[in-house]
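Structure data follow from protein_8.txt (compact mmCIF, C-alpha atoms and all ligand atoms):
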```
# COMPACT_ATOMS: atom_id res chain seq x y z
CA MET V 1 -11.01 44.27 5.73
CA ALA V 2 -12.02 45.51 9.14
CA GLU V 3 -9.80 47.87 11.09
CA SER V 4 -8.60 46.92 14.54
CA PHE V 5 -9.84 48.98 17.49
CA GLU V 6 -6.47 50.70 17.85
CA SER V 7 -5.84 51.33 14.14
CA ALA V 8 -9.34 52.75 13.65
CA ARG V 9 -8.88 55.18 16.51
CA ALA V 10 -5.37 56.12 15.40
CA LEU V 11 -6.59 56.81 11.87
CA ILE V 12 -9.41 59.01 13.15
CA LEU V 13 -7.09 60.98 15.42
CA GLU V 14 -4.57 61.41 12.63
CA LYS V 15 -7.20 62.75 10.23
CA VAL V 16 -9.07 65.26 12.40
CA SER V 17 -7.43 68.56 13.19
CA ILE V 18 -7.72 71.35 15.70
CA LEU V 19 -10.28 74.07 14.91
CA PRO V 20 -9.40 77.77 14.61
CA ALA V 21 -9.55 80.17 17.55
CA GLU V 22 -12.29 82.61 18.48
CA SER V 23 -12.43 85.40 21.03
CA ILE V 24 -15.02 84.96 23.79
CA PRO V 25 -15.88 86.72 27.06
CA LEU V 26 -13.81 85.42 29.97
CA VAL V 27 -16.99 84.61 31.89
CA GLU V 28 -17.84 81.96 29.27
CA ALA V 29 -14.33 80.53 28.97
CA GLY V 30 -14.40 77.86 31.69
CA GLY V 31 -13.40 74.48 30.28
CA ARG V 32 -12.20 75.94 26.98
CA ILE V 33 -8.68 75.60 25.58
CA LEU V 34 -6.45 78.68 25.21
CA SER V 35 -5.25 79.14 21.65
CA SER V 36 -2.16 81.15 22.58
CA ALA V 37 -0.09 81.74 25.68
CA LEU V 38 -1.11 84.56 28.02
CA SER V 39 1.28 86.61 30.11
CA ALA V 40 0.98 88.73 33.23
CA LEU V 41 0.00 92.29 32.28
CA CYS V 42 1.29 93.63 35.60
CA ASP V 43 2.93 92.50 38.81
CA LEU V 44 0.69 90.52 41.13
CA PRO V 45 0.16 91.95 43.67
CA SER V 46 0.61 95.30 41.98
CA TRP V 47 1.75 97.04 45.17
CA ASP V 48 2.88 96.03 48.66
CA ASN V 49 -0.25 95.39 50.71
CA SER V 50 -1.33 94.10 54.07
CA ALA V 51 -2.08 90.40 54.53
CA MET V 52 -3.93 91.02 57.82
CA ASP V 53 -6.29 93.38 59.59
CA GLY V 54 -4.03 95.13 62.10
CA PHE V 55 -1.45 97.90 62.40
CA ALA V 56 1.25 99.12 60.07
CA VAL V 57 4.34 99.76 62.18
CA ARG V 58 8.10 100.35 62.11
CA SER V 59 9.63 97.14 63.43
CA GLN V 60 12.24 99.05 65.47
CA ASP V 61 9.41 100.70 67.49
CA CYS V 62 8.12 97.29 68.63
CA GLY V 63 9.45 94.89 71.26
CA THR V 64 9.44 97.55 73.99
CA ASP V 65 6.83 98.09 76.69
CA GLN V 66 5.96 101.44 75.14
CA PRO V 67 2.58 101.65 73.38
CA LEU V 68 2.36 103.27 69.92
CA ARG V 69 0.07 106.16 69.12
CA ILE V 70 -2.59 105.29 66.53
CA ASP V 71 -2.25 107.80 63.75
CA GLY V 72 -4.20 107.12 60.60
CA TYR V 73 -6.41 104.47 59.04
CA ILE V 74 -6.15 102.72 55.66
CA PRO V 75 -9.11 100.50 54.76
CA ALA V 76 -9.05 98.21 51.69
CA GLY V 77 -9.74 100.27 48.59
CA ALA V 78 -8.15 103.42 50.03
CA SER V 79 -4.91 105.03 48.92
CA ALA V 80 -1.88 105.21 51.22
CA GLU V 81 -0.64 108.35 49.53
CA GLY V 82 0.44 111.03 51.98
CA ILE V 83 0.27 108.60 54.92
CA GLN V 84 3.48 107.80 56.73
CA VAL V 85 4.22 105.72 59.79
CA LYS V 86 6.18 108.15 61.94
CA PRO V 87 8.41 107.04 64.83
CA GLY V 88 6.34 105.89 67.80
CA THR V 89 3.10 105.58 65.84
CA ALA V 90 1.02 102.88 64.17
CA VAL V 91 -1.44 103.19 61.29
CA ARG V 92 -4.57 101.05 61.47
CA ILE V 93 -4.73 98.96 58.26
CA MET V 94 -7.12 96.41 56.75
CA THR V 95 -6.34 93.28 54.69
CA GLY V 96 -5.54 94.18 51.09
CA ALA V 97 -4.89 97.87 51.82
CA PRO V 98 -1.67 99.42 50.49
CA VAL V 99 1.22 99.54 52.92
CA PRO V 100 2.06 103.17 53.86
CA MET V 101 5.49 104.79 53.71
CA GLY V 102 7.76 104.13 56.67
CA CYS V 103 6.09 100.81 57.52
CA ASP V 104 8.14 97.61 57.31
CA THR V 105 5.86 95.28 59.28
CA ILE V 106 2.17 94.60 59.84
CA VAL V 107 1.06 93.45 63.28
CA PRO V 108 -2.21 91.49 63.24
CA VAL V 109 -4.95 92.96 65.44
CA GLU V 110 -5.00 89.70 67.45
CA GLU V 111 -1.46 90.46 68.64
CA THR V 112 -2.26 93.93 69.90
CA GLN V 113 -4.12 95.57 72.74
CA GLU V 114 -5.81 98.92 72.22
CA ASN V 115 -6.40 101.60 74.75
CA GLY V 116 -8.00 104.76 73.43
CA ASP V 117 -5.69 106.19 70.77
CA GLN V 118 -2.84 103.92 71.86
CA VAL V 119 -1.96 100.39 70.84
CA PHE V 120 0.33 98.00 72.65
CA ILE V 121 2.14 95.34 70.61
CA LYS V 122 2.07 92.12 72.64
CA GLY V 123 4.75 89.97 71.03
CA ALA V 124 7.93 90.21 69.03
CA VAL V 125 7.75 91.21 65.37
CA GLN V 126 9.94 90.46 62.39
CA VAL V 127 10.67 92.82 59.52
CA GLY V 128 8.36 92.05 56.61
CA ASP V 129 5.75 90.15 58.63
CA HIS V 130 2.31 90.04 56.97
CA ILE V 131 3.29 92.23 54.03
CA ARG V 132 2.50 90.85 50.59
CA LYS V 133 5.27 92.23 48.40
CA ARG V 134 4.64 93.63 44.94
CA GLY V 135 5.23 90.91 42.32
CA GLU V 136 5.79 88.13 44.88
CA ASP V 137 3.03 86.07 43.23
CA VAL V 138 3.58 86.77 39.52
CA LYS V 139 5.94 89.18 37.77
CA GLN V 140 4.78 91.35 34.89
CA GLY V 141 5.51 89.67 31.54
CA GLU V 142 5.75 86.15 33.01
CA GLU V 143 3.78 83.51 31.04
CA VAL V 144 0.93 82.42 33.27
CA LEU V 145 -0.91 80.04 30.93
CA ALA V 146 0.60 78.17 27.99
CA ALA V 147 -1.15 77.75 24.65
CA GLY V 148 -3.29 74.62 24.88
CA SER V 149 -4.07 75.04 28.58
CA ILE V 150 -7.55 74.17 29.68
CA LEU V 151 -9.18 77.10 31.46
CA LEU V 152 -10.03 75.93 34.96
CA PRO V 153 -11.33 78.23 37.72
CA ALA V 154 -7.82 79.15 38.95
CA GLY V 155 -6.78 80.15 35.43
CA ILE V 156 -9.92 82.20 34.97
CA ASN V 157 -9.24 83.92 38.29
CA ILE V 158 -5.70 84.93 37.36
CA LEU V 159 -6.74 86.16 33.91
CA ALA V 160 -9.51 88.21 35.51
CA ALA V 161 -6.97 89.54 38.01
CA PHE V 162 -4.93 90.92 35.09
CA GLY V 163 -8.01 92.48 33.58
CA TYR V 164 -8.49 90.13 30.64
CA SER V 165 -12.17 90.36 29.76
CA GLN V 166 -11.96 88.44 26.45
CA VAL V 167 -9.77 85.43 25.67
CA ALA V 168 -8.86 83.59 22.48
CA VAL V 169 -9.85 79.95 22.72
CA ILE V 170 -10.26 77.06 20.29
CA ARG V 171 -13.69 77.04 18.69
CA ARG V 172 -16.12 74.30 19.73
CA PRO V 173 -17.14 71.98 16.90
CA ARG V 174 -20.73 72.08 15.69
CA VAL V 175 -21.65 68.44 15.42
CA ALA V 176 -24.54 67.53 13.13
CA ILE V 177 -26.53 64.44 14.12
CA LEU V 178 -28.46 62.64 11.42
CA SER V 179 -30.66 59.69 12.30
CA THR V 180 -31.53 57.41 9.44
CA GLY V 181 -34.29 54.82 9.10
CA ASP V 182 -37.80 54.35 7.72
CA GLU V 183 -38.95 53.09 11.11
CA LEU V 184 -38.10 56.24 13.06
CA VAL V 185 -40.41 58.90 14.46
CA GLU V 186 -39.51 61.79 16.75
CA PRO V 187 -40.42 61.62 20.44
CA GLY V 188 -43.96 62.95 20.94
CA ASP V 189 -45.13 61.99 17.43
CA PRO V 190 -47.71 59.20 17.12
CA LEU V 191 -46.17 55.72 16.75
CA GLY V 192 -47.52 53.57 13.91
CA PRO V 193 -47.05 49.82 13.65
CA GLY V 194 -43.40 48.85 13.32
CA GLN V 195 -42.21 52.33 14.21
CA ILE V 196 -39.78 53.25 16.97
CA ILE V 197 -38.64 56.51 18.41
CA ASN V 198 -35.43 58.19 17.26
CA SER V 199 -33.75 57.99 20.65
CA ASN V 200 -30.15 57.96 19.39
CA ALA V 201 -30.14 61.61 18.41
CA TYR V 202 -30.92 62.57 21.99
CA SER V 203 -28.24 60.50 23.69
CA LEU V 204 -25.69 61.69 21.14
CA ALA V 205 -26.68 65.32 21.71
CA ALA V 206 -26.17 64.83 25.44
CA ALA V 207 -22.81 63.12 24.90
CA ILE V 208 -21.67 65.88 22.52
CA ARG V 209 -22.62 68.55 25.06
CA GLU V 210 -20.85 66.64 27.80
CA VAL V 211 -17.60 66.73 25.81
CA GLY V 212 -18.04 70.48 25.35
CA ALA V 213 -19.08 70.55 21.68
CA GLU V 214 -22.31 71.84 20.17
CA PRO V 215 -24.93 69.39 18.86
CA LEU V 216 -27.06 70.21 15.84
CA LEU V 217 -30.06 67.92 15.30
CA LEU V 218 -30.78 67.34 11.62
CA GLY V 219 -33.78 65.08 12.17
CA ILE V 220 -34.42 61.86 10.29
CA ALA V 221 -33.37 60.75 6.81
CA ARG V 222 -35.40 57.96 5.26
CA ASP V 223 -33.78 54.84 3.80
CA ASP V 224 -33.76 56.15 0.23
CA HIS V 225 -31.17 57.91 -1.89
CA GLU V 226 -33.11 61.15 -2.22
CA SER V 227 -33.72 61.71 1.45
CA LEU V 228 -30.22 60.63 2.50
CA LYS V 229 -28.59 62.81 -0.12
CA GLU V 230 -30.45 65.89 1.00
CA LYS V 231 -29.81 65.42 4.71
CA LEU V 232 -26.20 64.30 4.37
CA THR V 233 -25.47 67.34 2.20
CA ALA V 234 -26.83 69.57 4.93
CA GLY V 235 -24.82 67.68 7.56
CA LEU V 236 -21.56 68.07 5.65
CA LYS V 237 -21.74 71.83 6.27
CA ALA V 238 -21.13 71.25 9.99
CA ASP V 239 -17.69 70.73 11.56
CA VAL V 240 -18.49 67.06 12.18
CA LEU V 241 -21.28 64.84 10.91
CA ILE V 242 -22.53 61.83 12.83
CA THR V 243 -25.06 59.50 11.28
CA THR V 244 -26.70 56.55 12.96
CA ALA V 245 -27.99 53.32 11.40
CA GLY V 246 -28.09 52.19 7.80
CA VAL V 247 -24.47 50.98 7.75
CA SER V 248 -24.99 47.22 8.09
CA MET V 249 -25.55 44.67 5.34
CA GLY V 250 -29.32 45.11 4.91
CA ASP V 251 -30.72 46.02 1.48
CA ARG V 252 -31.85 49.38 2.89
CA ASP V 253 -28.52 50.18 4.49
CA LEU V 254 -27.63 52.95 2.08
CA VAL V 255 -25.60 55.40 4.16
CA CYS V 256 -22.18 54.29 2.87
CA GLU V 257 -23.44 54.14 -0.71
CA VAL V 258 -24.89 57.65 -0.65
CA LEU V 259 -21.80 59.07 1.06
CA GLN V 260 -19.78 57.71 -1.84
CA GLU V 261 -22.17 59.27 -4.33
CA LEU V 262 -21.52 62.57 -2.54
CA LYS V 263 -17.77 62.04 -3.07
CA VAL V 264 -17.09 61.63 0.62
CA GLU V 265 -13.78 59.82 0.99
CA ARG V 266 -14.14 56.62 3.01
CA LEU V 267 -11.24 55.75 5.30
CA PHE V 268 -12.73 52.60 6.74
CA TRP V 269 -15.92 50.67 7.17
CA LYS V 270 -16.09 48.02 9.91
CA ILE V 271 -13.97 47.71 13.01
CA ASP V 272 -13.15 44.46 14.84
CA ILE V 273 -15.17 45.42 17.90
CA LYS V 274 -18.33 44.29 19.61
CA PRO V 275 -20.71 46.05 19.71
CA GLY V 276 -20.25 48.56 16.89
CA ARG V 277 -18.65 46.53 14.09
CA PRO V 278 -20.29 48.31 11.08
CA THR V 279 -18.93 51.74 12.10
CA ALA V 280 -17.58 53.74 9.15
CA PHE V 281 -15.38 56.83 9.03
CA SER V 282 -15.08 59.17 6.10
CA PHE V 283 -14.06 62.69 5.23
CA LYS V 284 -15.20 65.50 2.96
CA ASP V 285 -13.52 68.92 2.70
CA GLY V 286 -12.27 68.84 6.27
CA THR V 287 -15.51 67.49 7.75
CA PRO V 288 -15.13 64.10 9.40
CA VAL V 289 -18.15 61.83 9.03
CA PHE V 290 -18.80 59.14 11.62
CA SER V 291 -21.36 56.58 10.49
CA LEU V 292 -22.38 54.78 13.66
CA PRO V 293 -24.58 51.69 13.83
CA GLY V 294 -28.25 52.23 14.64
CA ASN V 295 -28.47 50.12 17.70
CA PRO V 296 -28.65 52.52 20.65
CA VAL V 297 -25.98 50.66 22.65
CA SER V 298 -23.66 50.53 19.62
CA SER V 299 -24.11 54.20 18.85
CA MET V 300 -23.32 55.22 22.43
CA VAL V 301 -20.31 52.94 22.80
CA THR V 302 -18.79 53.91 19.45
CA PHE V 303 -19.34 57.58 20.24
CA GLU V 304 -17.49 57.12 23.53
CA GLU V 305 -14.56 55.20 22.04
CA PHE V 306 -14.12 56.92 18.66
CA VAL V 307 -16.01 60.20 18.33
CA ARG V 308 -15.28 61.62 21.76
CA PRO V 309 -11.46 61.55 21.34
CA ALA V 310 -11.84 63.14 17.89
CA LEU V 311 -13.98 65.99 19.25
CA LEU V 312 -11.45 66.55 22.03
CA LYS V 313 -8.67 66.83 19.46
CA MET V 314 -10.68 69.34 17.41
CA MET V 315 -11.26 71.40 20.56
CA GLY V 316 -7.53 71.55 21.28
CA HIS V 317 -7.29 69.13 24.19
CA SER V 318 -4.03 67.28 24.66
CA ARG V 319 -5.41 64.26 26.54
CA LEU V 320 -7.66 62.65 23.97
CA ILE V 321 -8.17 59.15 25.27
CA LYS V 322 -9.82 58.79 28.62
CA PRO V 323 -7.41 57.26 31.12
CA TYR V 324 -8.32 53.68 31.96
CA VAL V 325 -9.16 52.86 35.54
CA LYS V 326 -8.19 49.40 36.71
CA ALA V 327 -10.84 47.28 38.40
CA ARG V 328 -10.97 43.64 39.45
CA LEU V 329 -13.44 41.45 37.64
CA LYS V 330 -16.04 40.07 40.05
CA GLU V 331 -17.00 36.93 38.17
CA ASN V 332 -15.55 34.91 35.25
CA PHE V 333 -16.43 36.15 31.80
CA SER V 334 -15.95 34.57 28.37
CA LYS V 335 -16.06 35.96 24.88
CA LYS V 336 -15.06 34.79 21.44
CA PRO V 337 -11.47 35.74 20.63
CA GLY V 338 -11.00 37.92 17.56
CA ARG V 339 -12.66 41.22 18.40
CA VAL V 340 -12.27 43.80 21.14
CA GLN V 341 -15.36 43.60 23.31
CA PHE V 342 -16.79 46.58 25.14
CA LEU V 343 -18.24 45.00 28.26
CA ARG V 344 -20.81 47.14 30.02
CA VAL V 345 -19.92 47.00 33.70
CA ARG V 346 -20.90 48.34 37.08
CA VAL V 347 -17.82 49.48 39.01
CA VAL V 348 -17.94 49.67 42.78
CA ASP V 349 -15.35 51.28 45.01
CA THR V 350 -15.04 48.84 47.92
CA GLY V 351 -12.80 51.23 49.81
CA GLU V 352 -9.82 48.96 49.10
CA HIS V 353 -10.07 48.50 45.35
CA LEU V 354 -12.44 48.85 42.43
CA LEU V 355 -14.62 45.86 41.61
CA ALA V 356 -16.35 45.46 38.23
CA SER V 357 -19.23 43.19 37.36
CA SER V 358 -21.26 42.85 34.19
CA SER V 359 -24.21 45.26 34.36
CA GLY V 360 -26.49 42.68 32.71
CA ASP V 361 -27.24 40.86 29.46
CA GLN V 362 -24.47 41.86 27.04
CA ASN V 363 -26.59 41.46 23.90
CA THR V 364 -26.26 44.59 21.79
CA GLY V 365 -30.02 45.11 21.84
CA ILE V 366 -30.24 45.37 25.64
CA LEU V 367 -30.32 49.07 26.42
CA SER V 368 -30.97 48.64 30.14
CA THR V 369 -27.52 47.05 30.55
CA MET V 370 -26.07 50.33 29.28
CA LEU V 371 -28.33 52.29 31.59
CA ARG V 372 -27.02 50.35 34.59
CA ALA V 373 -23.38 50.57 33.50
CA ASN V 374 -20.96 53.15 34.86
CA GLY V 375 -18.04 51.75 32.91
CA ILE V 376 -17.02 50.15 29.65
CA ALA V 377 -14.39 47.45 30.12
CA VAL V 378 -12.24 47.19 27.01
CA LEU V 379 -11.49 43.48 26.59
CA PRO V 380 -8.55 42.76 24.26
CA ALA V 381 -9.36 41.11 20.92
CA GLU V 382 -7.09 38.09 21.30
CA ARG V 383 -8.37 37.05 24.73
CA GLY V 384 -11.28 34.67 25.33
CA ARG V 385 -11.55 33.83 29.03
CA PHE V 386 -11.38 36.35 31.85
CA GLU V 387 -11.03 35.05 35.40
CA ALA V 388 -12.64 36.51 38.50
CA GLY V 389 -10.07 38.67 40.30
CA GLU V 390 -8.10 39.71 37.22
CA GLU V 391 -7.68 43.39 36.42
CA LEU V 392 -9.69 44.96 33.61
CA SER V 393 -9.09 48.32 31.90
CA ILE V 394 -12.21 50.41 32.14
CA HIS V 395 -13.41 53.69 30.72
CA LEU V 396 -15.71 55.21 33.29
CA ILE V 397 -18.92 56.60 31.82
CA GLY V 398 -20.70 57.37 35.08
CA GLU V 399 -20.17 57.95 38.78
CA LEU V 400 -18.47 55.23 40.78
CA ASP V 401 -20.57 53.45 43.35
CA SER V 402 -19.01 54.26 46.65
CA PRO V 403 -19.40 52.87 50.17
CA TYR V 404 -19.35 56.42 51.57
P1 LIG V 501 -29.70 49.48 11.45
O1 LIG V 501 -28.29 49.87 11.75
O2 LIG V 501 -30.37 50.41 10.51
O3 LIG V 501 -29.78 48.06 11.06
O4 LIG V 501 -30.46 49.61 12.83
C1 LIG V 501 -30.14 48.76 13.92
C2 LIG V 501 -31.19 48.87 14.99
O5 LIG V 501 -31.16 50.14 15.58
C3 LIG V 501 -32.62 48.68 14.50
O6 LIG V 501 -33.31 47.92 15.45
C4 LIG V 501 -33.14 50.09 14.42
O7 LIG V 501 -34.52 50.15 14.55
C5 LIG V 501 -32.44 50.75 15.60
N1 LIG V 501 -32.31 52.17 15.38
C6 LIG V 501 -31.87 52.75 14.25
N2 LIG V 501 -31.86 54.09 14.37
C7 LIG V 501 -32.27 54.37 15.62
C8 LIG V 501 -32.46 55.57 16.33
N3 LIG V 501 -32.21 56.75 15.78
N4 LIG V 501 -32.90 55.49 17.60
C9 LIG V 501 -33.14 54.30 18.15
N5 LIG V 501 -32.98 53.13 17.54
C10 LIG V 501 -32.54 53.14 16.27
MG MG V 502 -32.06 50.55 9.34
```
How does this structure look as structure tokens?
Amino acid sequence: MAESFESARALILEKVSILPAESIPLVEAGGRILSSALSALCDLPSWDNSAMDGFAVRSQDCGTDQPLRIDGYIPAGASAEGIQVKPGTAVRIMTGAPVPMGCDTIVPVEETQENGDQVFIKGAVQVGDHIRKRGEDVKQGEEVLAAGSILLPAGINILAAFGYSQVAVIRRPRVAILSTGDELVEPGDPLGPGQIINSNAYSLAAAIREVGAEPLLLGIARDDHESLKEKLTAGLKADVLITTAGVSMGDRDLVCEVLQELKVERLFWKIDIKPGRPTAFSFKDGTPVFSLPGNPVSSMVTFEEFVRPALLKMMGHSRLIKPYVKARLKENFSKKPGRVQFLRVRVVDTGEHLLASSSGDQNTGILSTMLRANGIAVLPAERGRFEAGEELSIHLIGELDSPY
């Protein structure tokens, strides 16, 4: 019996598990998931410092018509040790420089007038103006990033600010890609009669990279037991194995058979979806095996809907399923009820709402319809007719067309 779209995905997500952590240089950690919480190693800022280029003063000396004598200079990077703001004086100070003793206020240079070694403060000042207080941003020991956080630029910045040069993140899965078929040759090799190029491996490698995992191209297995056994055995050493083709009902569709000979436990074969029905999912010693159909459109769509969420789970992400965007259907569309259909669509942002139209002939063999699509509308199994104007749930796979 075929799995439903939802049950197949749920089963996959239940079976795959998060990979162990590894320590990597902070500079390479963008987009990775932290394996444990990180805390502030010191106060941030670590000492009171000036938020402006200007003068460090005593607030009680300001607000008179008396100028202050300029006595001292603290540029950024200098120490304020031994410098004190004495009554009636001001110390020239740059942004980021430590605040000297005696000073309770910084006056920005724009609010002053200089005359030789004297400075006149033009306006009123308030105690504490333009001083960044020690620890006002983050206190030492405070948790700054929780386990499971994705490292975005701001997170990287704060970790760098505390001096973390290495971080522990969840390992990226190595994903083996095995193309199967007697008809396949690699791009660049001469094409004989009846042969086609193994294009699936390349789109899958790109999709795997895009998710943040590491593709591993295993080449082509022929449609015979020997060849499949050898290549599948190699593939099972990776964190994930993806095969394409050889899972339908043809007499040379041997992938499922050989996986069983290799004692790979099959969880399902066939999902009530279109395209992609013959997809199989199995498991051996912790390695999930996705057997995707050979048709390029089917392999890309099933990767997007089933493999991608699984890879995200292995990498430690918490949001596994892409959020749906809602778009209005431009023209009526009909399908046979019974299976979820992945409709390849072009989504346009009209400025008021999103509008989706079929990106072309929806036959599984039409690759150009996929090329033109920037979304996959997920049409519920039980429905048959879809009316123009109704809202569809769409997984974006490309940039939105925009009127801007
Ligand atoms: P199969 O699942 O073996 O019946 O293959 C379905 C269709 O996909 C056939 O037309 C194959 O030639 C094609 N196909 C299989 N593998 C690949 C591949 N790696 N790259 C491009 N097309 C493929
Ligand atoms: Mg085949």
So, with all atoms listed in the file as the atoms that count, which of V:Pro173, V:Ala310, V:Glu265, V:Asn115 lies closest to Gly212 in chain V? V:Pro173
Can you tell me which residues surround Val301 in chain V at a distance of at most 8 Å, considering all atoms listed in the file, apart from same-chain residues fewer than 3 positions away, and format the answer as a PyMOL selection string? chain V and resi 275-276+297-298+304-305+342
Show me, as a PyMOL selection string, the residues that have an atom within 10 Å of Glu3 in chain V when counting all atoms listed in the file, minus same-chain residues fewer than 3 positions from it. chain V and resi 6-9+11+267-273+277+279-280
Test item: residues lying within 8 Å of ligand MG 502 (chain V) with only C-alpha atoms and all ligand atoms, as an MDAnalysis selection string: chainID V and resid 180:183 223 245:248 250 252:253 294
Rank V:Gly31, V:Gly192, V:Pro153, V:Asn200 by their smallest atom-to-atom distance to Phe303 in chain V, using all atoms listed in the file, and report the top residue only.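 Ranked by minimum distance to Phe303 in chain V, first place goes to V:Asn200.
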Among the residues V:Phe306, V:Phe55, V:Tyr202, V:Phe290, the one that comes closest to ligand LIG 501 (chain V) [using all atoms listed in the file]: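 Looking only at the distances to ligand LIG 501 (chain V), the closest residue turns out to be V:Tyr202.
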Looking at V:Tyr324, V:Phe5, V:Tyr73, V:Trp47, which one is nearest to Val91 in chain V, with distances taken over only C-alpha atoms?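 Closest to Val91 in chain V, using only C-alpha atoms: V:Tyr73.
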Skipping near chain neighbours, those fewer than 3 positions away, what residues fall within 12 Å of Leu228 in chain V using all atoms listed in the file, listed as an NGL selection string? :V and (178-182 or 218-225 or 231-236 or 243-246 or 252-262)
Under the rule that all atoms listed in the file are counted, which of V:Asp349, V:Asp71, V:Glu382, V:Glu214 is the nearest residue to Ile93 in chain V? V:Asp71
For CA of Val138 in chain V and CA of Ile33 in chain V, the interatomic separation in Å (one decimal):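 That distance, rounded to one decimal, is 21.7 Å.
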At a cut-off of 9 Å, using only C-alpha atoms, what residues contact Val125 in chain V? Leave out same-chain residues fewer than 5 positions from it and give the result as JSON, numbers by chain. {"V": [59, 62, 63, 105, 106, 107]}
Would you list the contacts of range 326-340 of chain V as a PyMOL selection string, taking every protein, DNA or RNA residue within 10 Å and counting all atoms listed in the file, but skipping same-chain residues closer than 2 positions in sequence? chain V and resi 4-6+271-275+277+323-324+342-343+345+347-349+353-358+377-395
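Once only C-alpha atoms are considered, the residues situated within 10 Å of the file point (-31.4, 48.8, 22.8) turn out to be Ser199, Asn200, Gly294, Asn295, Pro296, Val297, Ser298, Ser299, Asn363, Thr364, Gly365, Ile366, Leu367, Ser368, Thr369, Met370 and Leu371 of chain V.
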Among listed residues V:Thr64, V:Thr112, V:Thr350, V:Ser46, nearest Gly88 in chain V (using all atoms listed in the file): V:Thr64
For CA of Glu22 in chain V and CA of Gly316 in chain V, quote the distance in Å rounded to one decimal.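 CA of Gly316 in chain V lies 12.4 Å from CA of Glu22 in chain V.
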